[in-house]
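Asks: See structure-v2.cif below, with mmCIF, C-alpha atoms and all ligand atoms.
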```
data_protein
loop_
_atom_site.label_atom_id
_atom_site.label_comp_id
_atom_site.auth_asym_id
_atom_site.auth_seq_id
_atom_site.Cartn_x
_atom_site.Cartn_y
_atom_site.Cartn_z
CA MET A 1 116.69 85.88 107.64
CA HIS A 2 115.87 83.85 104.52
CA GLU A 3 115.13 80.14 104.33
CA ILE A 4 118.17 79.70 102.12
CA ALA A 5 121.07 82.12 102.49
CA ASP A 6 122.31 82.30 98.91
CA PHE A 7 125.82 83.75 98.73
CA ARG A 8 126.76 82.06 95.42
CA SER A 9 126.63 85.31 93.44
CA ASP A 10 125.03 88.75 93.51
CA LYS A 11 123.43 87.65 90.21
CA VAL A 12 120.77 85.82 92.23
CA ALA A 13 119.37 89.07 93.69
CA ARG A 14 115.68 89.34 92.75
CA PRO A 15 114.06 92.37 91.12
CA THR A 16 112.24 94.72 93.47
CA ARG A 17 108.47 95.29 93.54
CA GLU A 18 109.03 98.71 91.94
CA MET A 19 110.88 96.99 89.07
CA MET A 20 107.98 94.55 88.58
CA GLU A 21 105.52 97.45 88.46
CA ALA A 22 107.70 99.38 86.02
CA MET A 23 107.92 96.27 83.83
CA ALA A 24 104.14 95.94 83.76
CA SER A 25 103.46 99.57 82.88
CA CYS A 26 106.35 100.56 80.59
CA GLU A 27 106.12 102.10 77.12
CA TRP A 28 106.89 99.60 74.34
CA GLY A 29 108.66 100.01 70.99
CA ASP A 30 107.35 98.29 67.88
CA GLY A 31 109.53 95.24 68.57
CA LEU A 32 110.88 95.09 65.04
CA TYR A 33 112.63 98.32 64.02
CA ASP A 34 112.26 100.53 67.03
CA GLU A 35 113.54 99.58 70.46
CA GLY A 36 111.29 102.28 71.87
CA PRO A 37 111.34 105.11 74.38
CA THR A 38 112.07 103.02 77.47
CA VAL A 39 115.25 101.52 76.01
CA ARG A 40 116.27 104.97 74.73
CA GLU A 41 115.75 106.49 78.17
CA LEU A 42 117.87 103.78 79.78
CA GLU A 43 120.65 104.22 77.23
CA GLY A 44 120.59 107.99 77.77
CA LEU A 45 120.79 107.58 81.53
CA ALA A 46 123.67 105.08 81.27
CA ALA A 47 125.58 107.40 78.93
CA ARG A 48 125.15 110.31 81.34
CA ALA A 49 126.13 108.21 84.38
CA THR A 50 129.38 107.17 82.70
CA GLY A 51 130.09 110.50 80.98
CA LYS A 52 130.18 108.81 77.57
CA GLU A 53 128.43 110.01 74.42
CA ALA A 54 126.24 106.94 73.96
CA ALA A 55 125.22 103.60 75.42
CA LEU A 56 123.82 100.28 74.25
CA PHE A 57 121.53 97.93 76.16
CA VAL A 58 122.70 94.31 75.84
CA ALA A 59 121.69 90.97 77.30
CA SER A 60 124.64 90.33 79.61
CA GLY A 61 128.00 91.51 80.86
CA THR A 62 129.76 88.86 78.80
CA MET A 63 128.02 90.06 75.65
CA ALA A 64 128.94 93.69 76.40
CA ASN A 65 132.60 92.79 76.98
CA GLN A 66 132.86 90.72 73.83
CA ILE A 67 131.13 93.32 71.67
CA ALA A 68 133.67 95.83 73.05
CA VAL A 69 136.60 93.52 72.25
CA HIS A 70 135.28 92.99 68.73
CA THR A 71 134.58 96.66 68.07
CA HIS A 72 137.96 97.90 69.32
CA THR A 73 140.07 95.35 67.42
CA LYS A 74 140.62 93.51 64.15
CA PRO A 75 141.64 89.85 63.69
CA GLY A 76 145.27 89.25 64.61
CA ASP A 77 145.41 92.03 67.22
CA THR A 78 146.55 91.40 70.77
CA VAL A 79 144.39 92.20 73.79
CA VAL A 80 146.31 92.68 77.04
CA LEU A 81 144.55 91.88 80.30
CA ASP A 82 145.21 90.26 83.66
CA ASP A 83 145.09 86.51 83.98
CA THR A 84 142.30 86.50 86.56
CA SER A 85 140.05 88.98 84.76
CA HIS A 86 136.54 87.86 83.89
CA ILE A 87 137.23 88.42 80.18
CA PHE A 88 140.31 86.18 80.22
CA TRP A 89 139.38 83.57 82.77
CA THR A 90 135.63 83.07 82.50
CA GLU A 91 134.86 84.29 78.99
CA GLY A 92 137.66 81.99 77.89
CA GLY A 93 138.22 81.64 74.19
CA THR A 94 135.47 84.03 73.13
CA GLY A 95 137.85 86.83 72.07
CA PRO A 96 139.97 84.47 69.93
CA THR A 97 137.00 82.66 68.38
CA LEU A 98 134.55 85.53 67.89
CA SER A 99 137.01 88.30 67.06
CA GLY A 100 140.21 86.51 66.03
CA VAL A 101 142.29 88.29 68.64
CA GLN A 102 145.09 86.92 70.79
CA THR A 103 144.42 87.44 74.49
CA PHE A 104 147.60 88.04 76.45
CA GLY A 105 146.93 87.32 80.13
CA LEU A 106 149.52 88.94 82.38
CA PRO A 107 150.14 87.60 85.89
CA SER A 108 148.35 89.61 88.53
CA LYS A 109 148.08 90.04 92.25
CA ARG A 110 144.53 90.47 93.57
CA GLY A 111 143.54 91.51 90.05
CA LEU A 112 146.26 94.06 89.40
CA MET A 113 148.92 93.57 86.72
CA ARG A 114 152.39 94.96 87.37
CA ILE A 115 152.71 98.26 85.55
CA GLU A 116 156.19 97.32 84.34
CA ASP A 117 154.76 94.12 82.80
CA VAL A 118 152.21 96.15 80.88
CA ARG A 119 154.97 98.46 79.61
CA ARG A 120 157.10 95.47 78.68
CA VAL A 121 154.37 93.73 76.72
CA PHE A 122 153.83 96.84 74.61
CA ALA A 123 157.57 97.15 73.99
CA ARG A 124 158.01 93.45 73.10
CA LEU A 125 154.96 93.02 70.90
CA ASP A 126 155.44 96.29 69.07
CA VAL A 127 156.07 94.52 65.80
CA GLY A 128 153.64 91.83 64.61
CA ALA A 129 150.97 91.18 67.22
CA ARG A 130 150.76 94.76 68.44
CA PRO A 131 148.39 95.20 71.40
CA THR A 132 145.52 97.43 70.36
CA LEU A 133 143.39 96.98 73.46
CA VAL A 134 143.92 96.71 77.20
CA CYS A 135 141.08 95.52 79.43
CA THR A 136 140.78 96.53 83.07
CA GLU A 137 138.19 95.46 85.64
CA ASN A 138 136.71 97.35 88.61
CA THR A 139 135.66 96.09 91.07
CA HIS A 140 137.79 93.04 90.42
CA ASN A 141 135.68 89.93 90.91
CA PHE A 142 138.27 87.16 91.29
CA GLY A 143 140.66 89.65 92.88
CA GLY A 144 138.28 89.48 95.86
CA GLY A 145 135.71 92.11 94.84
CA ARG A 146 138.69 94.44 94.97
CA LEU A 147 138.34 98.17 94.69
CA VAL A 148 140.90 98.98 92.01
CA PRO A 149 142.86 102.21 92.66
CA ILE A 150 142.08 105.04 90.28
CA GLY A 151 145.82 105.77 89.99
CA TYR A 152 146.41 102.26 88.61
CA LEU A 153 143.63 102.69 86.04
CA ARG A 154 145.10 106.04 84.97
CA GLU A 155 148.56 104.57 84.56
CA ILE A 156 147.23 101.77 82.37
CA ARG A 157 145.35 104.32 80.33
CA SER A 158 148.43 106.47 79.78
CA ILE A 159 150.57 103.48 78.69
CA ALA A 160 147.86 102.40 76.24
CA LYS A 161 147.49 105.91 74.90
CA ALA A 162 151.23 106.24 74.36
CA HIS A 163 151.00 103.16 72.11
CA ASP A 164 147.82 104.19 70.34
CA ALA A 165 145.86 101.39 72.01
CA ARG A 166 142.38 101.57 73.47
CA VAL A 167 141.16 100.66 76.97
CA HIS A 168 137.95 98.83 77.80
CA LEU A 169 136.84 98.83 81.44
CA ASP A 170 134.82 95.83 82.61
CA GLY A 171 132.84 97.70 85.22
CA ALA A 172 130.29 94.96 85.91
CA ARG A 173 130.27 96.31 89.49
CA ILE A 174 131.50 99.87 88.89
CA PHE A 175 128.71 101.25 91.10
CA ASN A 176 130.04 99.15 93.99
CA ALA A 177 133.44 100.72 93.35
CA SER A 178 132.00 104.22 93.23
CA VAL A 179 129.88 103.83 96.37
CA ARG A 180 132.85 102.37 98.25
CA SER A 181 135.43 104.96 97.16
CA GLY A 182 133.27 108.06 96.70
CA ILE A 183 134.82 108.45 93.25
CA PRO A 184 132.15 109.15 90.61
CA VAL A 185 131.51 106.46 87.99
CA LYS A 186 132.35 109.10 85.35
CA THR A 187 135.85 109.49 86.79
CA TYR A 188 136.46 105.75 86.53
CA ALA A 189 134.95 105.69 83.04
CA ALA A 190 137.30 108.49 81.96
CA THR A 191 140.20 106.02 82.31
CA SER A 192 138.80 104.03 79.38
CA ASP A 193 137.43 104.39 75.86
CA SER A 194 134.53 102.11 76.69
CA ILE A 195 132.95 100.80 79.85
CA MET A 196 130.35 98.17 80.53
CA PHE A 197 128.34 97.77 83.70
CA CYS A 198 125.69 95.30 84.81
CA LEU A 199 122.15 96.23 85.80
CA SER A 200 121.75 92.75 87.20
CA LYS A 201 124.03 91.69 90.08
CA GLY A 202 123.96 94.19 92.99
CA LEU A 203 121.56 96.57 91.24
CA CYS A 204 118.99 93.73 91.16
CA ALA A 205 117.56 94.08 87.65
CA PRO A 206 116.64 90.66 86.25
CA VAL A 207 118.66 90.99 83.04
CA GLY A 208 120.90 93.40 81.22
CA SER A 209 124.14 95.30 80.91
CA MET A 210 125.12 98.62 79.39
CA LEU A 211 128.02 99.21 77.03
CA CYS A 212 129.04 102.87 76.89
CA GLY A 213 131.46 104.78 74.67
CA ASP A 214 131.61 107.42 71.97
CA ARG A 215 128.92 107.61 69.28
CA GLU A 216 131.00 105.98 66.57
CA PHE A 217 131.98 103.07 68.83
CA ILE A 218 128.39 102.49 69.97
CA GLY A 219 127.17 102.65 66.35
CA GLN A 220 129.59 99.86 65.39
CA ALA A 221 128.82 97.94 68.59
CA LYS A 222 125.12 98.07 67.73
CA ARG A 223 125.71 96.52 64.32
CA PHE A 224 127.78 93.72 65.84
CA ARG A 225 125.18 93.12 68.55
CA GLU A 226 122.66 92.48 65.80
CA ARG A 227 125.00 90.13 63.90
CA ILE A 228 125.42 87.93 66.98
CA GLY A 229 121.69 87.80 67.61
CA GLY A 230 121.77 90.21 70.51
CA LEU A 231 119.08 92.64 69.37
CA LEU A 232 116.38 92.12 71.99
CA LYS A 233 113.15 92.78 70.12
CA GLN A 234 110.66 93.57 72.87
CA SER A 235 113.05 94.64 75.55
CA ALA A 236 111.08 97.55 77.01
CA PRO A 237 110.12 95.72 80.26
CA LEU A 238 113.74 94.72 80.85
CA ALA A 239 114.87 98.28 80.22
CA ALA A 240 112.15 99.53 82.59
CA ALA A 241 113.56 97.33 85.35
CA GLY A 242 117.04 98.59 84.47
CA LEU A 243 115.91 102.19 84.82
CA VAL A 244 114.59 101.51 88.32
CA ALA A 245 117.88 99.75 89.12
CA LEU A 246 119.92 102.79 88.09
CA LYS A 247 117.63 105.31 89.72
CA THR A 248 117.00 103.59 93.03
CA MET A 249 119.46 100.80 93.80
CA VAL A 250 122.88 102.43 93.79
CA ALA A 251 123.01 103.99 97.26
CA ARG A 252 121.89 100.78 98.98
CA LEU A 253 125.02 98.96 97.79
CA ARG A 254 126.47 100.45 100.98
CA ASP A 255 124.37 97.92 102.95
CA ASP A 256 125.90 95.04 100.98
CA HIS A 257 129.39 96.34 101.70
CA ALA A 258 128.57 96.61 105.42
CA ASN A 259 127.24 93.03 105.46
CA ALA A 260 130.33 91.80 103.62
CA THR A 261 132.54 93.50 106.20
CA ARG A 262 130.51 91.82 108.96
CA LEU A 263 130.87 88.45 107.21
CA ALA A 264 134.64 88.84 106.77
CA LYS A 265 134.97 89.81 110.42
CA GLY A 266 132.98 86.74 111.50
CA PHE A 267 135.06 84.45 109.29
CA ARG A 268 138.32 85.90 110.63
CA ALA A 269 137.39 84.59 114.07
CA LEU A 270 137.22 81.00 112.71
CA ARG A 271 140.21 78.70 112.81
CA GLY A 272 141.21 76.92 109.61
CA LEU A 273 140.18 79.70 107.23
CA ASP A 274 142.27 82.23 105.31
CA VAL A 275 140.12 85.31 104.78
CA GLU A 276 141.05 87.78 102.04
CA PRO A 277 140.59 91.55 102.42
CA SER A 278 137.01 92.54 101.58
CA ASP A 279 136.64 95.95 99.92
CA THR A 280 133.09 95.73 98.61
CA ASN A 281 130.37 93.05 98.46
CA MET A 282 132.50 89.90 98.21
CA VAL A 283 134.28 87.79 100.77
CA PHE A 284 136.77 85.18 99.55
CA VAL A 285 138.07 82.55 101.93
CA THR A 286 140.30 79.51 101.52
CA VAL A 287 139.73 76.41 103.62
CA ARG A 288 143.04 75.01 104.76
CA THR A 289 142.13 71.65 106.22
CA LEU A 290 139.05 70.40 104.36
CA ASP A 291 138.14 69.71 100.76
CA GLY A 292 136.41 72.72 99.17
CA ASP A 293 133.60 70.74 97.51
CA CYS A 294 132.85 68.90 100.76
CA VAL A 295 132.59 72.23 102.58
CA VAL A 296 130.24 73.63 99.93
CA ASN A 297 128.02 70.53 100.20
CA ALA A 298 128.03 70.62 104.00
CA LEU A 299 127.08 74.30 104.01
CA GLU A 300 124.34 73.67 101.44
CA LYS A 301 122.79 71.03 103.70
CA ARG A 302 122.70 73.72 106.37
CA GLY A 303 120.95 76.24 104.10
CA VAL A 304 124.00 78.31 103.15
CA LEU A 305 124.99 78.43 99.48
CA THR A 306 128.43 79.48 98.28
CA TYR A 307 130.65 79.11 95.22
CA HIS A 308 133.86 77.07 95.02
CA LEU A 309 136.48 78.44 92.62
CA GLY A 310 138.77 75.45 93.16
CA ALA A 311 141.70 74.69 95.50
CA GLY A 312 139.50 75.37 98.54
CA ARG A 313 138.86 79.03 97.61
CA LEU A 314 135.23 79.99 98.20
CA ARG A 315 133.37 83.16 97.24
CA PHE A 316 130.58 84.63 99.32
CA ALA A 317 128.81 87.39 97.38
CA VAL A 318 126.58 89.69 99.40
CA HIS A 319 123.49 91.27 97.83
CA ARG A 320 120.03 92.59 98.64
CA ASP A 321 118.56 89.11 99.27
CA VAL A 322 120.91 88.23 102.11
CA ASP A 323 120.69 90.20 105.35
CA SER A 324 122.74 90.51 108.52
CA GLU A 325 120.99 87.49 110.07
CA ASP A 326 121.95 85.39 107.04
CA VAL A 327 125.50 86.65 107.50
CA ASP A 328 125.60 85.58 111.14
CA ARG A 329 124.07 82.23 110.23
CA ALA A 330 126.72 81.66 107.54
CA VAL A 331 129.46 82.30 110.09
CA GLY A 332 127.83 79.99 112.65
CA GLU A 333 127.30 77.16 110.15
CA PHE A 334 130.81 77.51 108.79
CA ARG A 335 132.15 77.24 112.33
CA LYS A 336 130.32 73.93 112.78
CA VAL A 337 131.55 72.59 109.45
CA LEU A 338 135.15 73.51 110.28
CA ARG A 339 134.84 71.76 113.60
CA GLY A 340 134.04 68.62 111.65
CA ARG A 341 130.33 68.50 112.44
CA GLY A 342 128.83 68.09 108.99
CA ALA A 343 131.77 68.32 106.62
CA ARG A 344 130.76 64.92 105.25
C1 LIG A 401 133.71 91.27 86.41
C2 LIG A 401 132.65 90.60 85.60
N1 LIG A 401 132.54 90.92 84.30
C3 LIG A 401 131.61 90.36 83.52
C4 LIG A 401 130.72 89.45 84.02
C5 LIG A 401 129.72 88.80 83.10
O1 LIG A 401 128.42 89.19 83.37
P1 LIG A 401 127.19 88.25 82.87
O2 LIG A 401 127.09 87.16 83.87
O3 LIG A 401 126.03 89.19 82.88
O4 LIG A 401 127.53 87.75 81.52
C6 LIG A 401 130.80 89.07 85.37
C7 LIG A 401 129.87 88.07 85.91
O5 LIG A 401 129.92 87.67 87.02
C8 LIG A 401 131.80 89.66 86.18
O6 LIG A 401 131.95 89.33 87.46
#
```
Kindly present the structure from the file in structure tokens form.
Replies:
Amino acid sequence: MHEIADFRSDKVARPTREMMEAMASCEWGDGLYDEGPTVRELEGLAARATGKEAALFVASGTMANQIAVHTHTKPGDTVVLDDTSHIFWTEGGTGPTLSGVQTFGLPSKRGLMRIEDVRRVFARLDVGARPTLVCTENTHNFGGGRLVPIGYLREIRSIAKAHDARVHLDGARIFNASVRSGIPVKTYAATSDSIMFCLSKGLCAPVGSMLCGDREFIGQAKRFRERIGGLLKQSAPLAAAGLVALKTMVARLRDDHANATRLAKGFRALRGLDVEPSDTNMVFVTVRTLDGDCVVNALEKRGVLTYHLGAGRLRFAVHRDVDSEDVDRAVGEFRKVLRGRGAR
């Protein structure tokens, strides 16, 4: 049990001791022209893990997604994606402002667009603002940490291909998806031209994401990364932590999924809460009778931190720095808040 049970995001997970040691003892590049052997090793490992030709180390998942959008498109193009995807919802106007594209957010259910809507948008926009890129997301964050079916990803890919469009997979948590489904990351990555995944979040590295694709794409992505100030000069220690994340932290995501299942089960026993299905490390609930912000504040006073998405919908993200005792405590404190003891 921790003093504060922080379920706001898996981004808050701290680096491990092994990561700290690797950061202190890593091999450096020259910090000006050469990113060095540690970054190269990480990029090689990421490329192999995703089955792509090459990979690029970048500062964040948002940066990786937006570099992908820019590299796959030209100004005036349309990017098709679901209206609750991270790229559309949270990265907001970045695609339109940075790359001059129109983002076309299709309605979705738990993160999945209707296949017929995707077909229709290609048919309708065939002249003029032709879609040249479709973005998918797995696991789907605001879809409840949803494990997205491989069949769905393949269908999207085949529609895009039929229209000569590319697919970018936002796989911020693709290792969660792989551990949960048993489907290799490479198989998911094969449904897209490019994939990004985060070393931070459940894998616990302090910083960093990987953008993976073919050599030509990564070459262009690298140039754009530099133009937007994303070339990290002395990034070897961050890459060293990322290497430990990839080599040692994937299998343990199972523990996070088990704790999330335990949390969802505990919440389901509480009255006044709608609990969404929990596939991986997230549990989303909606409070029916109380104001969401008041609930968040009441839980915070009781040492349990969570994130309010609005309209009473709360996200609990499970990660290495919350354990089963924190889970039980969250359920117990939520019960008290729902009973009206401490909602104010
Ligand atoms: C699905 C998804 N994609 C991208 C990102 C962006 O990652 P970052 O916070 O590293 O920019 C997030 C962050 O939570 C995410 O959930």
Asks: Taking all atoms of region 141-159 of chain A that appear in the file, build a box with edges along x, y and z, extend it by 8 Å on every side, and state its centre and edge lengths in Å to one decimal, as AutoDock Vina command-line options.
Replies:
```
--center_x 143.1 --center_y 96.8 --center_z 87.3 --size_x 30.9 --size_y 35.3 --size_z 33.2
```
Asks: What does the distance from CA of Ser235 (chain A) to CA of Pro37 (chain A) come to in Å, to one decimal?
Replies: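 These two atoms are separated by 10.7 Å.
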Asks: So that I can see what lies close to Glu137 (chain A), please list as a list in words the residues with an atom at most 6 Å from it, counting only C-alpha atoms and leaving out residues fewer than 4 positions away in the same chain.
Replies: Leu169, Asp170 and Gly171 of chain A
Asks: Measuring between all atoms listed in the file, which one of A:Leu147, A:Val58, A:Met282, A:Leu290 shows the shortest distance to Lys222 (chain A)?
Replies: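 That would be A:Val58, the residue with the smallest distance to Lys222 (chain A).
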Asks: Could you give me, as a compact mmCIF listing (two decimals) with C-alpha atoms, in the coordinates of the input, the residues that have an atom at most 10 Å away from the point (137.7, 94.8, 87.2) in the coordinates of the file, using all atoms listed in the file?
Replies:
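Output file out.txt follows:
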```txt
# COMPACT_ATOMS: atom_id res chain seq x y z
CA ASP A 82 145.21 90.26 83.66
CA THR A 84 142.30 86.50 86.56
CA SER A 85 140.05 88.98 84.76
CA HIS A 86 136.54 87.86 83.89
CA ILE A 87 137.23 88.42 80.18
CA GLY A 111 143.54 91.51 90.05
CA LEU A 112 146.26 94.06 89.40
CA CYS A 135 141.08 95.52 79.43
CA THR A 136 140.78 96.53 83.07
CA GLU A 137 138.19 95.46 85.64
CA ASN A 138 136.71 97.35 88.61
CA THR A 139 135.66 96.09 91.07
CA HIS A 140 137.79 93.04 90.42
CA ASN A 141 135.68 89.93 90.91
CA PHE A 142 138.27 87.16 91.29
CA GLY A 143 140.66 89.65 92.88
CA GLY A 145 135.71 92.11 94.84
CA ARG A 146 138.69 94.44 94.97
CA LEU A 147 138.34 98.17 94.69
CA VAL A 148 140.90 98.98 92.01
CA LEU A 153 143.63 102.69 86.04
CA LEU A 169 136.84 98.83 81.44
CA ASP A 170 134.82 95.83 82.61
CA GLY A 171 132.84 97.70 85.22
CA ALA A 172 130.29 94.96 85.91
CA ARG A 173 130.27 96.31 89.49
CA ILE A 174 131.50 99.87 88.89
CA ALA A 177 133.44 100.72 93.35
```
Asks: Using only C-alpha atoms and all ligand atoms, find the one residue out of A:Leu32, A:Val12, A:Ala240, A:Met249 that sits nearest to ligand LIG 401 (chain A).
Replies: A:Val12
Asks: Find the spatial neighbours of Val134 (chain A), counting only C-alpha atoms, within a cut-off of 6 Å - ignore same-chain residues fewer than 2 positions away - and output them as a list of chain:residue names.
Replies: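 Here the answer would be A:Val79, A:Val80, A:Leu81, A:Val167.
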Asks: Pick from A:Val295, A:Ile67, A:Ala55, A:Ala49: nearest to Tyr188 (chain A), with all atoms listed in the file counted?
Replies: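 For Tyr188 (chain A), the nearest of the candidates is A:Ala49.
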